Number of protein chains: 2
Amino acid sequence: MTTVLVVATGWDAQDWADRIAALLPGHRVLSAERDGSYSGPASDLTEVRYLLAWRPPQPLLDSLPNLAAIFSLGAGVDHLMSLRLPDVPVARIVDPDLTSRMAEYVVWQVLHHHRLGPAYVRQQKAHIWRELDQPAAAEITVGILGFGHLGERAAAALAPLGFRLRGWTRTARTHSVELFHGADGLQPFLAGTDILVSLLPLTPETRGLVDRRVLGALRRTGPLGGAIYINAGRGGTQVEADIVAALADGTLAGASIDVVSSEPLAPDSPLWDFDNVVVTPHAAASSEAHALAAQIAAQIAAHERGETLVNLVERRRGY
Amino acid sequence: MTTVLVVATGWDAQDWADRIAALLPGHRVLSAERDGSYSGPASDLTEVRYLLAWRPPQPLLDSLPNLAAIFSLGAGVDHLMSLRLPDVPVARIVDPDLTSRMAEYVVWQVLHHHRLGPAYVRQQKAHIWRELDQPAAAEITVGILGFGHLGERAAAALAPLGFRLRGWTRTARTHSVELFHGADGLQPFLAGTDILVSLLPLTPETRGLVDRRVLGALRRTGPLGGAIYINAGRGGTQVEADIVAALADGTLAGASIDVVSSEPLAPDSPLWDFDNVVVTPHAAASSEAHALAAQIAAQIAAHERGETLVNLVERRRGY
């Protein structure tokens, strides 16, 4: 009987294990404790073929000699890439549901800033009924930093609304959306961007990438009266002190922060209190467990039939 | 020389007149005062062929013996239909820009409630970082009350996000979106709607239509914990005291109010202060004057070439 282990440090792995067990009859599905340790007999671990993991502890990883594949329980894989991993395929979640939710979040927050949400919230608080000059979507360029699978989907949701779009990628590629790439492409990408949407993965190259210099390079002469920064990717890609400074000095006219470098966001962070900043608790692409579980179960079943796994992480580049 | 008159009661008609004059060289373009009166010689009025009007005073309308057509300066025409109009065609604005803006507003507000915006705003104020259960768009039915040109466009913008959609119209028609119609269709339409988006025109039939009974008929068992009401149509179609009561007793879990029966919204209205209500100042589909002016100028030029006007109001039904 094939053994599957679920490790979801800080979360309830049993819930995941129950879902996977229901989807894969004839499999033994084990779950680790909330702290990531496994409390059953060590002999269980030697039988584990498939690992479903969110922030697995290194010692647990080191005790799985018969592992065949690892499935990340999140869209990001930086929680795995920082570890010493066994030499097995690592698959990420590319879930239509998760992708849709991310697109929803991006559209919601782009519209919130574009449609002058923060100003209207201020007016509502003061009981003021006064229409403000509203630019057209076609006057606004949304630049997607990290134009991968999620970025494409977000762009597809923004396009029908009439926004101008551009994207930035690590390496050159082509797409119907205008793309810039690499270190040389970053400055021209930013210079024509009014609303920056970051969907970057966290890698050694992207850590701290969104800093004062990047924020300062955004277009501030557009009709929104300043640049907007939306991060629905990974908190570690931004320098939060620089974001606070850019908001304080007007370099940024607004921001939506769904992720921070150390979550939860500290209660005394100045980010909470800007009235032109929306803070959400890493909720942009939260998925319902059942959709994700079905995808992973299907991958396990395919692998057992000898098929190739999909959505694999490229270990060398780190995502 | 053909004479055009612009009346924009409460607004600056001169701005419109300048735009139209620039677009129609060889025409004489007059403008009324902010109170809707005309301060030039009465002989000017006898020459007026085309009237661009927002809330024109009845006496002014009665002094235009050579009028050929009236162009409403807004998407709604209730400001005209309550008057005694000369027997000439009345054209409304069906402007792609205006239609896009309306779709933007509807998507923005549907996402705001769907993505638990009010709850996250409360958490942000309290510096609380806690992810909430997020339903999928496919679990939510958005019902568009008044499924005409604007409703179709809003539905087209919501569909790619995965929402279930339905519409209600006065008379039977067919569309890829499931439609209900007439008095008999209203109850079943409401019973399956989680988020009600009203884009109704204001007519004698729709005045006060959205009342306690209608709000109480919405589905409240959906994943949002209650029904949501969004009005981007006309304020006169709703009974505001009933909305306040429905919010107070939980019949409504949230609302977005862009229009009210008497604008501006009174400073002491309870609507301002609900933390699950978004109030915007009739800003859903504000258009840039230049786009609308170009459309009206094109219609005037076409009419002068002997072509038929488009986007005409059906006088009998009132919109």
# chains A, B, ... in the order shown; residues from 1 in each chain; ligands from 1
$ residues_around --residues "Ile257 (chain A)" --least-positions-apart "6" --cutoff "8 Å" --atoms "only C-alpha atoms" --output "PyMOL selection string"
chain A and resi 230-232+277-280
$ interface_residues --of "chain B" --to "chain A" --cutoff "8 Å" --atoms "only C-alpha atoms" --output "PDB file with N, CA and C atoms, in the first residue's frame"
ATOM      1  N   ASP B  97     -17.416  54.566 -23.596  1.00  0.00           N
ATOM      2  CA  ASP B  97     -16.630  54.963 -22.433  1.00  0.00           C
ATOM      3  C   ASP B  97     -17.492  54.891 -21.177  1.00  0.00           C
ATOM      4  N   SER B 100     -18.175  51.309 -20.309  1.00  0.00           N
ATOM      5  CA  SER B 100     -17.006  50.693 -19.679  1.00  0.00           C
ATOM      6  C   SER B 100     -16.878  51.106 -18.225  1.00  0.00           C
ATOM      7  N   ARG B 101     -17.121  52.384 -17.982  1.00  0.00           N
ATOM      8  CA  ARG B 101     -16.986  52.860 -16.608  1.00  0.00           C
ATOM      9  C   ARG B 101     -18.017  52.218 -15.701  1.00  0.00           C
ATOM     10  N   ALA B 103     -19.307  49.257 -16.149  1.00  0.00           N
ATOM     11  CA  ALA B 103     -18.855  47.882 -15.935  1.00  0.00           C
ATOM     12  C   ALA B 103     -17.735  47.839 -14.898  1.00  0.00           C
ATOM     13  N   GLU B 104     -16.807  48.794 -14.987  1.00  0.00           N
ATOM     14  CA  GLU B 104     -15.730  48.895 -13.981  1.00  0.00           C
ATOM     15  C   GLU B 104     -16.309  48.998 -12.574  1.00  0.00           C
ATOM     16  N   TYR B 105     -17.270  49.897 -12.425  1.00  0.00           N
ATOM     17  CA  TYR B 105     -17.844  50.126 -11.097  1.00  0.00           C
ATOM     18  C   TYR B 105     -18.512  48.861 -10.578  1.00  0.00           C
ATOM     19  N   VAL B 107     -17.962  45.704 -11.439  1.00  0.00           N
ATOM     20  CA  VAL B 107     -16.953  44.686 -11.112  1.00  0.00           C
ATOM     21  C   VAL B 107     -16.261  45.047  -9.801  1.00  0.00           C
ATOM     22  N   TRP B 108     -15.890  46.303  -9.663  1.00  0.00           N
ATOM     23  CA  TRP B 108     -15.207  46.767  -8.448  1.00  0.00           C
ATOM     24  C   TRP B 108     -16.043  46.456  -7.204  1.00  0.00           C
ATOM     25  N   LEU B 111     -16.655  42.676  -6.549  1.00  0.00           N
ATOM     26  CA  LEU B 111     -15.449  42.077  -5.962  1.00  0.00           C
ATOM     27  C   LEU B 111     -15.242  42.543  -4.529  1.00  0.00           C
ATOM     28  N   HIS B 112     -15.529  43.800  -4.264  1.00  0.00           N
ATOM     29  CA  HIS B 112     -15.328  44.329  -2.913  1.00  0.00           C
ATOM     30  C   HIS B 112     -16.132  43.520  -1.882  1.00  0.00           C
ATOM     31  N   ARG B 115     -15.001  39.642  -2.093  1.00  0.00           N
ATOM     32  CA  ARG B 115     -13.691  39.394  -1.489  1.00  0.00           C
ATOM     33  C   ARG B 115     -13.622  39.884  -0.045  1.00  0.00           C
ATOM     34  N   TYR B 120     -12.264  42.943   5.879  1.00  0.00           N
ATOM     35  CA  TYR B 120     -10.820  43.199   5.916  1.00  0.00           C
ATOM     36  C   TYR B 120     -10.512  44.653   6.282  1.00  0.00           C
ATOM     37  N   VAL B 121     -11.409  45.572   5.907  1.00  0.00           N
ATOM     38  CA  VAL B 121     -11.222  46.966   6.331  1.00  0.00           C
ATOM     39  C   VAL B 121     -11.311  47.060   7.861  1.00  0.00           C
ATOM     40  N   GLN B 124      -8.155  45.641   9.272  1.00  0.00           N
ATOM     41  CA  GLN B 124      -7.014  46.544   9.097  1.00  0.00           C
ATOM     42  C   GLN B 124      -7.034  47.652  10.144  1.00  0.00           C
ATOM     43  N   LYS B 125      -8.226  48.210  10.390  1.00  0.00           N
ATOM     44  CA  LYS B 125      -8.347  49.268  11.412  1.00  0.00           C
ATOM     45  C   LYS B 125      -7.868  48.782  12.766  1.00  0.00           C
ATOM     46  N   HIS B 127      -5.673  46.419  13.190  1.00  0.00           N
ATOM     47  CA  HIS B 127      -4.341  45.816  13.027  1.00  0.00           C
ATOM     48  C   HIS B 127      -4.383  44.298  13.202  1.00  0.00           C
ATOM     49  N   ILE B 128      -5.419  43.683  12.655  1.00  0.00           N
ATOM     50  CA  ILE B 128      -5.570  42.225  12.770  1.00  0.00           C
ATOM     51  C   ILE B 128      -5.254  41.565  11.430  1.00  0.00           C
ATOM     52  N   TRP B 129      -4.315  40.627  11.449  1.00  0.00           N
ATOM     53  CA  TRP B 129      -3.906  39.853  10.254  1.00  0.00           C
ATOM     54  C   TRP B 129      -4.498  38.464  10.410  1.00  0.00           C
ATOM     55  N   ARG B 130      -5.666  38.257   9.805  1.00  0.00           N
ATOM     56  CA  ARG B 130      -6.313  36.949   9.940  1.00  0.00           C
ATOM     57  C   ARG B 130      -7.068  36.655   8.653  1.00  0.00           C
ATOM     58  N   GLU B 131      -6.708  35.537   8.027  1.00  0.00           N
ATOM     59  CA  GLU B 131      -7.359  35.176   6.773  1.00  0.00           C
ATOM     60  C   GLU B 131      -8.760  34.650   7.055  1.00  0.00           C
ATOM     61  N   LEU B 132      -9.712  35.081   6.222  1.00  0.00           N
ATOM     62  CA  LEU B 132     -11.100  34.649   6.390  1.00  0.00           C
ATOM     63  C   LEU B 132     -11.456  33.648   5.294  1.00  0.00           C
ATOM     64  N   GLN B 134     -12.833  32.276   2.175  1.00  0.00           N
ATOM     65  CA  GLN B 134     -13.171  32.999   0.951  1.00  0.00           C
ATOM     66  C   GLN B 134     -13.948  32.090   0.002  1.00  0.00           C
ATOM     67  N   PRO B 135     -15.236  32.365  -0.236  1.00  0.00           N
ATOM     68  CA  PRO B 135     -15.937  31.550  -1.239  1.00  0.00           C
ATOM     69  C   PRO B 135     -15.376  31.800  -2.633  1.00  0.00           C
ATOM     70  N   ALA B 136     -15.589  30.837  -3.510  1.00  0.00           N
ATOM     71  CA  ALA B 136     -15.196  31.004  -4.912  1.00  0.00           C
ATOM     72  C   ALA B 136     -16.272  31.810  -5.635  1.00  0.00           C
ATOM     73  N   ALA B 157     -18.237  41.650 -18.228  1.00  0.00           N
ATOM     74  CA  ALA B 157     -17.029  41.892 -17.436  1.00  0.00           C
ATOM     75  C   ALA B 157     -16.962  40.970 -16.216  1.00  0.00           C
ATOM     76  N   PRO B 160     -15.896  36.472 -16.956  1.00  0.00           N
ATOM     77  CA  PRO B 160     -14.571  35.836 -16.936  1.00  0.00           C
ATOM     78  C   PRO B 160     -14.049  35.604 -15.519  1.00  0.00           C
ATOM     79  N   LEU B 161     -14.607  36.296 -14.542  1.00  0.00           N
ATOM     80  CA  LEU B 161     -14.172  36.097 -13.161  1.00  0.00           C
ATOM     81  C   LEU B 161     -14.836  34.874 -12.534  1.00  0.00           C
ATOM     82  N   GLY B 162     -15.807  34.307 -13.232  1.00  0.00           N
ATOM     83  CA  GLY B 162     -16.369  33.034 -12.757  1.00  0.00           C
ATOM     84  C   GLY B 162     -17.685  33.144 -12.005  1.00  0.00           C
ATOM     85  N   PRO B 264     -27.554  65.673  -3.466  1.00  0.00           N
ATOM     86  CA  PRO B 264     -26.634  64.773  -2.753  1.00  0.00           C
ATOM     87  C   PRO B 264     -27.306  64.050  -1.584  1.00  0.00           C
ATOM     88  N   LEU B 265     -26.752  62.901  -1.197  1.00  0.00           N
ATOM     89  CA  LEU B 265     -27.230  62.190  -0.015  1.00  0.00           C
ATOM     90  C   LEU B 265     -27.138  63.120   1.199  1.00  0.00           C
ATOM     91  N   PRO B 267     -26.481  64.768   4.649  1.00  0.00           N
ATOM     92  CA  PRO B 267     -25.349  64.522   5.563  1.00  0.00           C
ATOM     93  C   PRO B 267     -25.750  63.680   6.773  1.00  0.00           C
ATOM     94  N   ASP B 268     -27.026  63.704   7.149  1.00  0.00           N
ATOM     95  CA  ASP B 268     -27.420  62.936   8.331  1.00  0.00           C
ATOM     96  C   ASP B 268     -28.022  61.571   7.967  1.00  0.00           C
ATOM     97  N   TRP B 272     -24.355  56.628   5.339  1.00  0.00           N
ATOM     98  CA  TRP B 272     -22.929  56.977   5.370  1.00  0.00           C
ATOM     99  C   TRP B 272     -22.135  56.103   6.336  1.00  0.00           C
ATOM    100  N   ASP B 273     -22.768  55.702   7.441  1.00  0.00           N
ATOM    101  CA  ASP B 273     -21.988  55.188   8.564  1.00  0.00           C
ATOM    102  C   ASP B 273     -21.965  53.673   8.743  1.00  0.00           C
ATOM    103  N   VAL B 278     -20.699  50.945   0.951  1.00  0.00           N
ATOM    104  CA  VAL B 278     -19.846  51.869   0.207  1.00  0.00           C
ATOM    105  C   VAL B 278     -20.752  52.932  -0.409  1.00  0.00           C
ATOM    106  N   VAL B 279     -20.499  54.196  -0.104  1.00  0.00           N
ATOM    107  CA  VAL B 279     -21.254  55.294  -0.710  1.00  0.00           C
ATOM    108  C   VAL B 279     -20.340  56.020  -1.689  1.00  0.00           C
ATOM    109  N   THR B 280     -20.758  56.109  -2.955  1.00  0.00           N
ATOM    110  CA  THR B 280     -20.043  56.926  -3.932  1.00  0.00           C
ATOM    111  C   THR B 280     -21.035  57.921  -4.527  1.00  0.00           C
ATOM    112  N   PRO B 281     -20.546  59.109  -4.926  1.00  0.00           N
ATOM    113  CA  PRO B 281     -21.424  60.228  -5.282  1.00  0.00           C
ATOM    114  C   PRO B 281     -21.857  60.235  -6.747  1.00  0.00           C
ATOM    115  N   HIS B 282     -22.686  59.270  -7.146  1.00  0.00           N
ATOM    116  CA  HIS B 282     -23.153  59.179  -8.538  1.00  0.00           C
ATOM    117  C   HIS B 282     -21.946  59.209  -9.472  1.00  0.00           C
ATOM    118  N   ALA B 283     -20.953  58.393  -9.133  1.00  0.00           N
ATOM    119  CA  ALA B 283     -19.682  58.413  -9.853  1.00  0.00           C
ATOM    120  C   ALA B 283     -19.468  57.141 -10.664  1.00  0.00           C
ATOM    121  N   SER B 286     -19.538  58.194 -14.564  1.00  0.00           N
ATOM    122  CA  SER B 286     -19.224  59.536 -15.017  1.00  0.00           C
ATOM    123  C   SER B 286     -18.319  59.422 -16.219  1.00  0.00           C
ATOM    124  N   SER B 287     -18.628  60.165 -17.222  1.00  0.00           N
ATOM    125  CA  SER B 287     -17.847  60.081 -18.446  1.00  0.00           C
ATOM    126  C   SER B 287     -17.070  61.361 -18.627  1.00  0.00           C
ATOM    127  N   GLU B 288     -16.064  61.253 -19.423  1.00  0.00           N
ATOM    128  CA  GLU B 288     -15.369  62.467 -19.785  1.00  0.00           C
ATOM    129  C   GLU B 288     -16.180  63.165 -20.861  1.00  0.00           C
TER     130      GLU B 288
END
$ select_by_dssp --residues "region 69-267 of chain A" --states "helix (DSSP H, G or I)" --output "PyMOL selection string"
chain A and resi 78-81+96-114+117-125+137-139+149-161+182-191+212-216+235-237+240-248
$ residues_around --residues "Leu190 (chain A)" --least-positions-apart "5" --cutoff "10 Å" --atoms "only C-alpha atoms" --output "list of chain:residue names"
A:Val142, A:Gly143, A:Ile144, A:Leu145, A:Arg166, A:Gly167, A:Trp168, A:Phe180, A:Gly185, A:Ile195, A:Leu196, A:Val214, A:Leu215, A:Gly216, A:Ala217, A:Leu218, A:Arg219
$ write_last_selection --atoms "N, CA, C and O atoms" --output "mmCIF file, in the first residue's frame"
data_model
loop_
_atom_site.group_PDB
_atom_site.id
_atom_site.type_symbol
_atom_site.label_atom_id
_atom_site.label_comp_id
_atom_site.auth_asym_id
_atom_site.auth_seq_id
_atom_site.Cartn_x
_atom_site.Cartn_y
_atom_site.Cartn_z
ATOM 1 N N VAL A 142 -0.995 49.315 -16.335
ATOM 2 C CA VAL A 142 -0.724 48.381 -15.249
ATOM 3 C C VAL A 142 0.477 47.537 -15.666
ATOM 4 O O VAL A 142 0.460 46.910 -16.737
ATOM 5 N N GLY A 143 1.502 47.536 -14.848
ATOM 6 C CA GLY A 143 2.709 46.758 -15.135
ATOM 7 C C GLY A 143 2.787 45.570 -14.191
ATOM 8 O O GLY A 143 2.741 45.747 -12.975
ATOM 9 N N ILE A 144 2.878 44.380 -14.750
ATOM 10 C CA ILE A 144 2.911 43.167 -13.928
ATOM 11 C C ILE A 144 4.345 42.673 -13.820
ATOM 12 O O ILE A 144 4.968 42.292 -14.813
ATOM 13 N N LEU A 145 4.857 42.732 -12.601
ATOM 14 C CA LEU A 145 6.245 42.364 -12.315
ATOM 15 C C LEU A 145 6.249 40.878 -11.960
ATOM 16 O O LEU A 145 5.694 40.482 -10.936
ATOM 17 N N ARG A 166 1.491 45.890 -19.396
ATOM 18 C CA ARG A 166 2.849 45.481 -19.745
ATOM 19 C C ARG A 166 3.327 44.511 -18.669
ATOM 20 O O ARG A 166 2.764 44.453 -17.571
ATOM 21 N N GLY A 167 4.349 43.740 -18.996
ATOM 22 C CA GLY A 167 4.854 42.777 -18.029
ATOM 23 C C GLY A 167 6.365 42.755 -17.988
ATOM 24 O O GLY A 167 7.023 43.221 -18.941
ATOM 25 N N TRP A 168 6.898 42.279 -16.901
ATOM 26 C CA TRP A 168 8.346 42.110 -16.796
ATOM 27 C C TRP A 168 8.647 40.670 -16.396
ATOM 28 O O TRP A 168 7.988 40.121 -15.503
ATOM 29 N N PHE A 180 8.923 43.235 -21.004
ATOM 30 C CA PHE A 180 10.298 43.687 -20.804
ATOM 31 C C PHE A 180 10.982 42.566 -20.027
ATOM 32 O O PHE A 180 10.318 41.791 -19.354
ATOM 33 N N GLY A 185 15.813 45.555 -18.714
ATOM 34 C CA GLY A 185 14.437 45.912 -19.066
ATOM 35 C C GLY A 185 13.651 46.507 -17.913
ATOM 36 O O GLY A 185 12.544 47.029 -18.117
ATOM 37 N N ILE A 195 0.482 51.628 -12.311
ATOM 38 C CA ILE A 195 0.107 50.706 -11.233
ATOM 39 C C ILE A 195 0.990 49.466 -11.362
ATOM 40 O O ILE A 195 0.906 48.737 -12.353
ATOM 41 N N LEU A 196 1.865 49.256 -10.370
ATOM 42 C CA LEU A 196 2.778 48.109 -10.391
ATOM 43 C C LEU A 196 2.147 46.964 -9.606
ATOM 44 O O LEU A 196 1.821 47.117 -8.432
ATOM 45 N N VAL A 214 13.283 51.074 -7.082
ATOM 46 C CA VAL A 214 12.240 50.562 -7.993
ATOM 47 C C VAL A 214 10.972 51.410 -7.879
ATOM 48 O O VAL A 214 10.383 51.825 -8.881
ATOM 49 N N LEU A 215 10.547 51.688 -6.656
ATOM 50 C CA LEU A 215 9.317 52.476 -6.462
ATOM 51 C C LEU A 215 9.488 53.884 -7.036
ATOM 52 O O LEU A 215 8.568 54.455 -7.625
ATOM 53 N N GLY A 216 10.684 54.424 -6.879
ATOM 54 C CA GLY A 216 10.958 55.775 -7.370
ATOM 55 C C GLY A 216 11.009 55.850 -8.889
ATOM 56 O O GLY A 216 10.912 56.934 -9.466
ATOM 57 N N ALA A 217 11.170 54.690 -9.540
ATOM 58 C CA ALA A 217 11.274 54.675 -11.002
ATOM 59 C C ALA A 217 9.911 54.576 -11.684
ATOM 60 O O ALA A 217 9.816 54.680 -12.905
ATOM 61 N N LEU A 218 8.851 54.359 -10.902
ATOM 62 C CA LEU A 218 7.508 54.265 -11.490
ATOM 63 C C LEU A 218 7.058 55.635 -12.000
ATOM 64 O O LEU A 218 7.504 56.677 -11.509
ATOM 65 N N ARG A 219 6.121 55.606 -12.965
ATOM 66 C CA ARG A 219 5.600 56.865 -13.491
ATOM 67 C C ARG A 219 4.717 57.542 -12.437
ATOM 68 O O ARG A 219 3.801 56.923 -11.894
#
$ residues_around --residues "region 47-49 of chain B" --least-positions-apart "3" --cutoff "8 Å" --atoms "only C-alpha atoms" --output "PDB file with N, CA, C and O atoms, in the first residue's frame"
ATOM      1  N   THR B   2     -26.991  76.476 -38.745  1.00  0.00           N
ATOM      2  CA  THR B   2     -27.785  75.685 -37.793  1.00  0.00           C
ATOM      3  C   THR B   2     -27.427  76.060 -36.350  1.00  0.00           C
ATOM      4  O   THR B   2     -26.246  76.219 -36.023  1.00  0.00           O
ATOM      5  N   THR B   3     -28.457  76.194 -35.540  1.00  0.00           N
ATOM      6  CA  THR B   3     -28.231  76.582 -34.156  1.00  0.00           C
ATOM      7  C   THR B   3     -28.422  75.395 -33.208  1.00  0.00           C
ATOM      8  O   THR B   3     -29.391  74.638 -33.327  1.00  0.00           O
ATOM      9  N   VAL B   4     -27.465  75.263 -32.300  1.00  0.00           N
ATOM     10  CA  VAL B   4     -27.489  74.216 -31.274  1.00  0.00           C
ATOM     11  C   VAL B   4     -27.536  74.912 -29.917  1.00  0.00           C
ATOM     12  O   VAL B   4     -26.822  75.882 -29.698  1.00  0.00           O
ATOM     13  N   LEU B   5     -28.396  74.399 -29.019  1.00  0.00           N
ATOM     14  CA  LEU B   5     -28.466  74.985 -27.675  1.00  0.00           C
ATOM     15  C   LEU B   5     -28.105  73.923 -26.639  1.00  0.00           C
ATOM     16  O   LEU B   5     -28.584  72.779 -26.713  1.00  0.00           O
ATOM     17  N   SER B  43     -35.093  85.703 -29.824  1.00  0.00           N
ATOM     18  CA  SER B  43     -35.046  85.316 -31.236  1.00  0.00           C
ATOM     19  C   SER B  43     -34.040  84.189 -31.462  1.00  0.00           C
ATOM     20  O   SER B  43     -34.189  83.381 -32.381  1.00  0.00           O
ATOM     21  N   ASP B  44     -32.996  84.122 -30.616  1.00  0.00           N
ATOM     22  CA  ASP B  44     -32.044  83.008 -30.732  1.00  0.00           C
ATOM     23  C   ASP B  44     -32.772  81.670 -30.594  1.00  0.00           C
ATOM     24  O   ASP B  44     -32.489  80.706 -31.306  1.00  0.00           O
ATOM     25  N   LEU B  64     -39.007  76.655 -28.041  1.00  0.00           N
ATOM     26  CA  LEU B  64     -38.131  76.203 -29.130  1.00  0.00           C
ATOM     27  C   LEU B  64     -38.985  75.660 -30.287  1.00  0.00           C
ATOM     28  O   LEU B  64     -39.075  74.451 -30.493  1.00  0.00           O
ATOM     29  N   PRO B  65     -39.583  76.537 -31.083  1.00  0.00           N
ATOM     30  CA  PRO B  65     -40.563  76.107 -32.088  1.00  0.00           C
ATOM     31  C   PRO B  65     -39.956  75.309 -33.246  1.00  0.00           C
ATOM     32  O   PRO B  65     -40.655  74.559 -33.918  1.00  0.00           O
ATOM     33  N   ASN B  66     -38.659  75.456 -33.487  1.00  0.00           N
ATOM     34  CA  ASN B  66     -38.052  74.797 -34.658  1.00  0.00           C
ATOM     35  C   ASN B  66     -37.137  73.631 -34.297  1.00  0.00           C
ATOM     36  O   ASN B  66     -36.255  73.254 -35.067  1.00  0.00           O
ATOM     37  N   LEU B  67     -37.378  73.069 -33.118  1.00  0.00           N
ATOM     38  CA  LEU B  67     -36.518  71.986 -32.644  1.00  0.00           C
ATOM     39  C   LEU B  67     -36.667  70.741 -33.521  1.00  0.00           C
ATOM     40  O   LEU B  67     -37.774  70.359 -33.912  1.00  0.00           O
ATOM     41  N   ALA B  68     -35.521  70.073 -33.818  1.00  0.00           N
ATOM     42  CA  ALA B  68     -35.538  68.850 -34.637  1.00  0.00           C
ATOM     43  C   ALA B  68     -35.226  67.609 -33.814  1.00  0.00           C
ATOM     44  O   ALA B  68     -35.652  66.506 -34.168  1.00  0.00           O
ATOM     45  N   ALA B  69     -34.438  67.771 -32.751  1.00  0.00           N
ATOM     46  CA  ALA B  69     -34.080  66.607 -31.929  1.00  0.00           C
ATOM     47  C   ALA B  69     -33.540  67.071 -30.582  1.00  0.00           C
ATOM     48  O   ALA B  69     -32.999  68.175 -30.465  1.00  0.00           O
TER      49      ALA B  69
END
$ select_by_dssp --residues "region 46-217 of chain B" --states "strand (DSSP E or B)" --output "ChimeraX atom specification"
/B:48-54,69-72,90-91,141-145,164-169,178-181,195-198,210
$ residues_around --residues "Arg92 (chain A)" --least-positions-apart "3" --cutoff "7 Å" --atoms "only C-alpha atoms" --output "PyMOL selection string"
chain A and resi 71-72+74-75+77+311-313
$ decode --residues "region 238-250 of chain B" --atoms "N, CA, C and O atoms" --output "PDB file, in the first residue's frame"
ATOM      1  N   GLN B 238     -35.261  53.043  -5.613  1.00  0.00           N
ATOM      2  CA  GLN B 238     -35.107  52.374  -4.321  1.00  0.00           C
ATOM      3  C   GLN B 238     -35.803  53.151  -3.202  1.00  0.00           C
ATOM      4  O   GLN B 238     -35.988  54.363  -3.291  1.00  0.00           O
ATOM      5  N   VAL B 239     -36.186  52.430  -2.164  1.00  0.00           N
ATOM      6  CA  VAL B 239     -36.747  53.050  -0.965  1.00  0.00           C
ATOM      7  C   VAL B 239     -35.644  53.042   0.086  1.00  0.00           C
ATOM      8  O   VAL B 239     -35.319  51.996   0.664  1.00  0.00           O
ATOM      9  N   GLU B 240     -35.047  54.202   0.311  1.00  0.00           N
ATOM     10  CA  GLU B 240     -33.838  54.211   1.146  1.00  0.00           C
ATOM     11  C   GLU B 240     -34.092  53.807   2.602  1.00  0.00           C
ATOM     12  O   GLU B 240     -33.247  53.173   3.222  1.00  0.00           O
ATOM     13  N   ALA B 241     -35.253  54.150   3.113  1.00  0.00           N
ATOM     14  CA  ALA B 241     -35.556  53.745   4.501  1.00  0.00           C
ATOM     15  C   ALA B 241     -35.569  52.220   4.617  1.00  0.00           C
ATOM     16  O   ALA B 241     -35.144  51.651   5.626  1.00  0.00           O
ATOM     17  N   ASP B 242     -36.038  51.547   3.558  1.00  0.00           N
ATOM     18  CA  ASP B 242     -36.061  50.084   3.574  1.00  0.00           C
ATOM     19  C   ASP B 242     -34.650  49.495   3.484  1.00  0.00           C
ATOM     20  O   ASP B 242     -34.363  48.439   4.067  1.00  0.00           O
ATOM     21  N   ILE B 243     -33.778  50.180   2.751  1.00  0.00           N
ATOM     22  CA  ILE B 243     -32.381  49.714   2.667  1.00  0.00           C
ATOM     23  C   ILE B 243     -31.721  49.822   4.033  1.00  0.00           C
ATOM     24  O   ILE B 243     -31.048  48.905   4.498  1.00  0.00           O
ATOM     25  N   VAL B 244     -31.928  50.960   4.681  1.00  0.00           N
ATOM     26  CA  VAL B 244     -31.358  51.159   6.012  1.00  0.00           C
ATOM     27  C   VAL B 244     -31.885  50.082   6.973  1.00  0.00           C
ATOM     28  O   VAL B 244     -31.109  49.465   7.715  1.00  0.00           O
ATOM     29  N   ALA B 245     -33.185  49.823   6.906  1.00  0.00           N
ATOM     30  CA  ALA B 245     -33.766  48.807   7.795  1.00  0.00           C
ATOM     31  C   ALA B 245     -33.189  47.426   7.490  1.00  0.00           C
ATOM     32  O   ALA B 245     -32.890  46.649   8.403  1.00  0.00           O
ATOM     33  N   ALA B 246     -33.023  47.123   6.196  1.00  0.00           N
ATOM     34  CA  ALA B 246     -32.503  45.806   5.805  1.00  0.00           C
ATOM     35  C   ALA B 246     -31.048  45.634   6.232  1.00  0.00           C
ATOM     36  O   ALA B 246     -30.614  44.529   6.577  1.00  0.00           O
ATOM     37  N   LEU B 247     -30.285  46.722   6.225  1.00  0.00           N
ATOM     38  CA  LEU B 247     -28.906  46.660   6.709  1.00  0.00           C
ATOM     39  C   LEU B 247     -28.892  46.490   8.225  1.00  0.00           C
ATOM     40  O   LEU B 247     -28.093  45.734   8.779  1.00  0.00           O
ATOM     41  N   ALA B 248     -29.790  47.210   8.882  1.00  0.00           N
ATOM     42  CA  ALA B 248     -29.810  47.179  10.351  1.00  0.00           C
ATOM     43  C   ALA B 248     -30.220  45.807  10.873  1.00  0.00           C
ATOM     44  O   ALA B 248     -29.689  45.339  11.880  1.00  0.00           O
ATOM     45  N   ASP B 249     -31.152  45.143  10.177  1.00  0.00           N
ATOM     46  CA  ASP B 249     -31.624  43.852  10.709  1.00  0.00           C
ATOM     47  C   ASP B 249     -30.934  42.655  10.052  1.00  0.00           C
ATOM     48  O   ASP B 249     -31.301  41.512  10.309  1.00  0.00           O
ATOM     49  N   GLY B 250     -29.929  42.905   9.209  1.00  0.00           N
ATOM     50  CA  GLY B 250     -29.149  41.808   8.641  1.00  0.00           C
ATOM     51  C   GLY B 250     -29.745  41.184   7.384  1.00  0.00           C
ATOM     52  O   GLY B 250     -29.161  40.255   6.829  1.00  0.00           O
TER      53      GLY B 250
END
